[in-house]
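**Q** Let me begin by handing over the structure; questions about it come next.
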Amino acid sequence: IILYMFLAVSIVCDDYFLPSLEIISECLGLSQDVAGATFMAAGSSAPELVTAFLGVFVTKGDIGVSTILGSAIYNLLGISAACGLLSSVVSRLSCWPLFRDCLAYTVSAAAVLAMISDNKIYWYESASLLLIYGCYILVLCFDIKISQYLMKKFSPCCMCFTKAMEENAEQQPLVGWREEGGPLIRQQSRTDSGIFQDDLDYSQLSSSLHGLNEISEDHPSVFTMPEADMKRILWVLSLPIITLLYLTIPDCRKQFWRNWFMVTFLISAAWISAITYVLVWMVTIAGETLGIPESIMGLTLLAAGTSVPDTVTSVLVAQKGNGDMAMSNIVGSNVFDMLCLGIPWFIRTAFINTSGPIEVNSSGLTYTAISLICSVVFIFLAVHLNGWKIDKKFGAISLVLYLVFTLLSILYELGIIGNNPTRVCGN
């Protein structure tokens, strides 16, 4: 069931979620990194939002805090490793989008950690989280102007970035080429919002970005059987999922449903949440059966399980050469996760239970803070030292760092290192 849910998330993202995101980006004129940090991050992080609401209103515990903060390291390092190792395309990155998202995440993470340090959440503290996210969205609205101003202001300090931007601006949008003896590298300007760069698969969606006013022929039916043997086997196995999704989600890749792209986006996000719920449920049962302690489950399998949509969407766009969108989704999802905590906290403290603050458990706060800050700094430095590109080397380094962070976290949770006593359910 776990493997089947992985397949289901992949189909939802590839056939419905990302195509709707492409049209949203075109209609709003969003650059690919802004689209990744907003709509893509919000849609793929829907399971975390559901988890946070359950933690505040149903279980009345700190499940939302532990899930979101616990999966932050996986989101940054684990998904970066997946994008580098599972993509055959070397994706170029821009300096400003990564710096912007890392700064926003650092500020929001520091705000959350400061709030839960006294084990109490007040209404004005949760409101400040919403204000931080509002400021982040405001920066994204004026993203191009801000990036141009900063690059012009600090050009003596970052000539390589300025040169890269000038080279990108001269490139035709959505043009890919193959370096002699090297992997396929795709570059695009920051004003380009194209997610789908493969002309064979999504020519009708990217045609408008080439200056055409009408869409080419309709996208082939999802019931068209692939020619390759392995893909044909997967297609037969996934036919129940394909049929169910076809009956419940309008396919905005087709001319008839194109104007229904927001409906496609919302329903596909709901399906992602439902599939992720089943996935995490099955992962929990597997961990219980294998006798894995709950603390280790939360840091490893459950953290990865709730981030499956982020992983799938980031890898899919990285495979199409959209490095900025992949990285903005990785970091932007964490920023949105912090907002996921702020919304239910604010609703409960400001409207439902105004008599007192929300009680949360902040044990392990110091280690969490150090881990989050170190992971953000590592991502930025690793990208810089790697020449502002996502490749196999970057993926391998990210994987090693993720395994190190996870190992240290497990040892801390088990009380082997640090002063954290082992907690057992019922005691």
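Every chain in the structure tokens has a letter given in the order shown (A, B, ...), and although residue numbers restart at 1 in each chain, ligands are simply numbered from 1 in the order shown.
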When DSSP is applied to the backbone of this structure, which of range 209-384 of chain A are assigned alpha helix (DSSP H)? Write them out as a ChimeraX atom specification.

**A** /A:229-237,239-248,261-289,294-299,301-306,308-319,323-347,365-384

**Q** When you look at range 400-404 of chain A with a cut-off of 9 Å (counting only C-alpha atoms), what residues show up, excluding the ones that are within fewer than 2 positions of it in the same chain? I need them as a list of chain:residue names.

**A** A:Ile73, A:Tyr74, A:Leu76, A:Leu77, A:Gly78, A:Ala81, A:Ser375, A:Phe378, A:Gly395, A:Ala396, A:Ile397, A:Ser398, A:Thr406, A:Leu407, A:Leu408, A:Ser409

**Q** Selection from above, C-alpha atoms, as a compact mmCIF listing (two decimals), in the first residue's frame, can you write it?

**A**
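Output contents, as saved in again_23.txt:
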# COMPACT_ATOMS: atom_id res chain seq x y z
CA ILE A 73 15.54 18.84 8.09
CA TYR A 74 14.20 16.26 5.65
CA LEU A 76 15.83 20.88 3.20
CA LEU A 77 18.43 18.12 2.95
CA GLY A 78 16.46 14.99 1.99
CA ALA A 81 19.43 15.03 -2.20
CA SER A 375 20.67 23.02 7.55
CA PHE A 378 24.47 24.39 4.59
CA GLY A 395 22.67 15.46 -4.22
CA ALA A 396 25.29 13.13 -2.75
CA ILE A 397 26.57 15.76 -0.29
CA SER A 398 23.00 16.60 0.77
CA THR A 406 19.21 12.14 11.31
CA LEU A 407 21.70 9.95 13.18
CA LEU A 408 22.45 12.75 15.67
CA SER A 409 18.71 13.36 16.12

**Q** Using only C-alpha atoms, which protein or nucleic acid residues come within 9 Å of Ala8 in chain A? Drop anything in the same chain fewer than 3 positions from it, and give the result as a compact mmCIF listing (two decimals) with C-alpha atoms, in the first residue's frame.

**A**
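Wrote it out as part.txt, contents follow:
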# COMPACT_ATOMS: atom_id res chain seq x y z
CA LEU A 3 4.41 1.83 -2.68
CA TYR A 4 1.00 2.21 -4.32
CA MET A 5 0.44 5.52 -2.50
CA ILE A 11 0.29 10.55 -10.89
CA VAL A 12 -1.67 13.36 -9.17
CA CYS A 13 1.32 15.70 -9.27
CA SER A 238 -2.15 2.37 -11.73
CA ILE A 241 -5.95 5.46 -9.64
CA ILE A 242 -5.96 6.98 -13.14
CA ILE A 272 -2.60 14.81 -2.26
CA ILE A 275 -3.24 9.99 -0.26

**Q** Near Gly36 in chain A, counting only C-alpha atoms, which residues have an atom at most 7 Å away, once you skip same-chain residues fewer than 5 positions from it, shown as a list of chain:residue names?

**A**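 The residues satisfying every condition are A:Ala41, A:Met325, A:Ala326, A:Ser328, A:Asn329.
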
**Q** If you keep all heavy atoms, can you produce a file of those selected residues as an mmCIF file, in the first residue's frame?

**A**
data_model
loop_
_atom_site.group_PDB
_atom_site.id
_atom_site.type_symbol
_atom_site.label_atom_id
_atom_site.label_comp_id
_atom_site.auth_asym_id
_atom_site.auth_seq_id
_atom_site.Cartn_x
_atom_site.Cartn_y
_atom_site.Cartn_z
ATOM 1 N N ALA A 41 4.225 25.391 -3.113
ATOM 2 C CA ALA A 41 4.503 25.095 -1.710
ATOM 3 C C ALA A 41 3.213 24.883 -0.928
ATOM 4 O O ALA A 41 3.116 23.965 -0.104
ATOM 5 C CB ALA A 41 5.320 26.230 -1.080
ATOM 6 N N MET A 325 12.630 26.681 -9.316
ATOM 7 C CA MET A 325 11.314 26.278 -8.820
ATOM 8 C C MET A 325 11.449 25.149 -7.809
ATOM 9 O O MET A 325 10.759 25.142 -6.782
ATOM 10 C CB MET A 325 10.415 25.850 -9.978
ATOM 11 C CG MET A 325 9.092 25.249 -9.523
ATOM 12 S SD MET A 325 7.901 25.114 -10.847
ATOM 13 C CE MET A 325 7.113 26.700 -10.745
ATOM 14 N N ALA A 326 12.335 24.190 -8.059
ATOM 15 C CA ALA A 326 12.528 23.073 -7.132
ATOM 16 C C ALA A 326 13.033 23.569 -5.780
ATOM 17 O O ALA A 326 12.494 23.200 -4.730
ATOM 18 C CB ALA A 326 13.510 22.062 -7.739
ATOM 19 N N SER A 328 12.899 26.668 -4.561
ATOM 20 C CA SER A 328 11.914 27.549 -3.930
ATOM 21 C C SER A 328 10.790 26.741 -3.302
ATOM 22 O O SER A 328 10.235 27.128 -2.269
ATOM 23 C CB SER A 328 11.345 28.536 -4.960
ATOM 24 O OG SER A 328 12.324 29.468 -5.348
ATOM 25 N N ASN A 329 10.432 25.607 -3.919
ATOM 26 C CA ASN A 329 9.418 24.736 -3.321
ATOM 27 C C ASN A 329 9.951 24.087 -2.050
ATOM 28 O O ASN A 329 9.235 23.985 -1.052
ATOM 29 C CB ASN A 329 8.997 23.664 -4.326
ATOM 30 C CG ASN A 329 7.960 22.720 -3.751
ATOM 31 O OD1 ASN A 329 6.964 23.140 -3.179
ATOM 32 N ND2 ASN A 329 8.205 21.424 -3.866
#

**Q** Using only C-alpha atoms for the distances, tell me which of A:Val317, A:Ile267, A:Val331, A:Leu385 is nearest to Ser87 in chain A.

**A**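 So, comparing all the options, the nearest one is A:Val317.
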
**Q** What does the structure give for the distance between CA of Val89 in chain A and CA of Ser31 in chain A, in Å to one decimal?

**A**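 The value is 20.0 Å.
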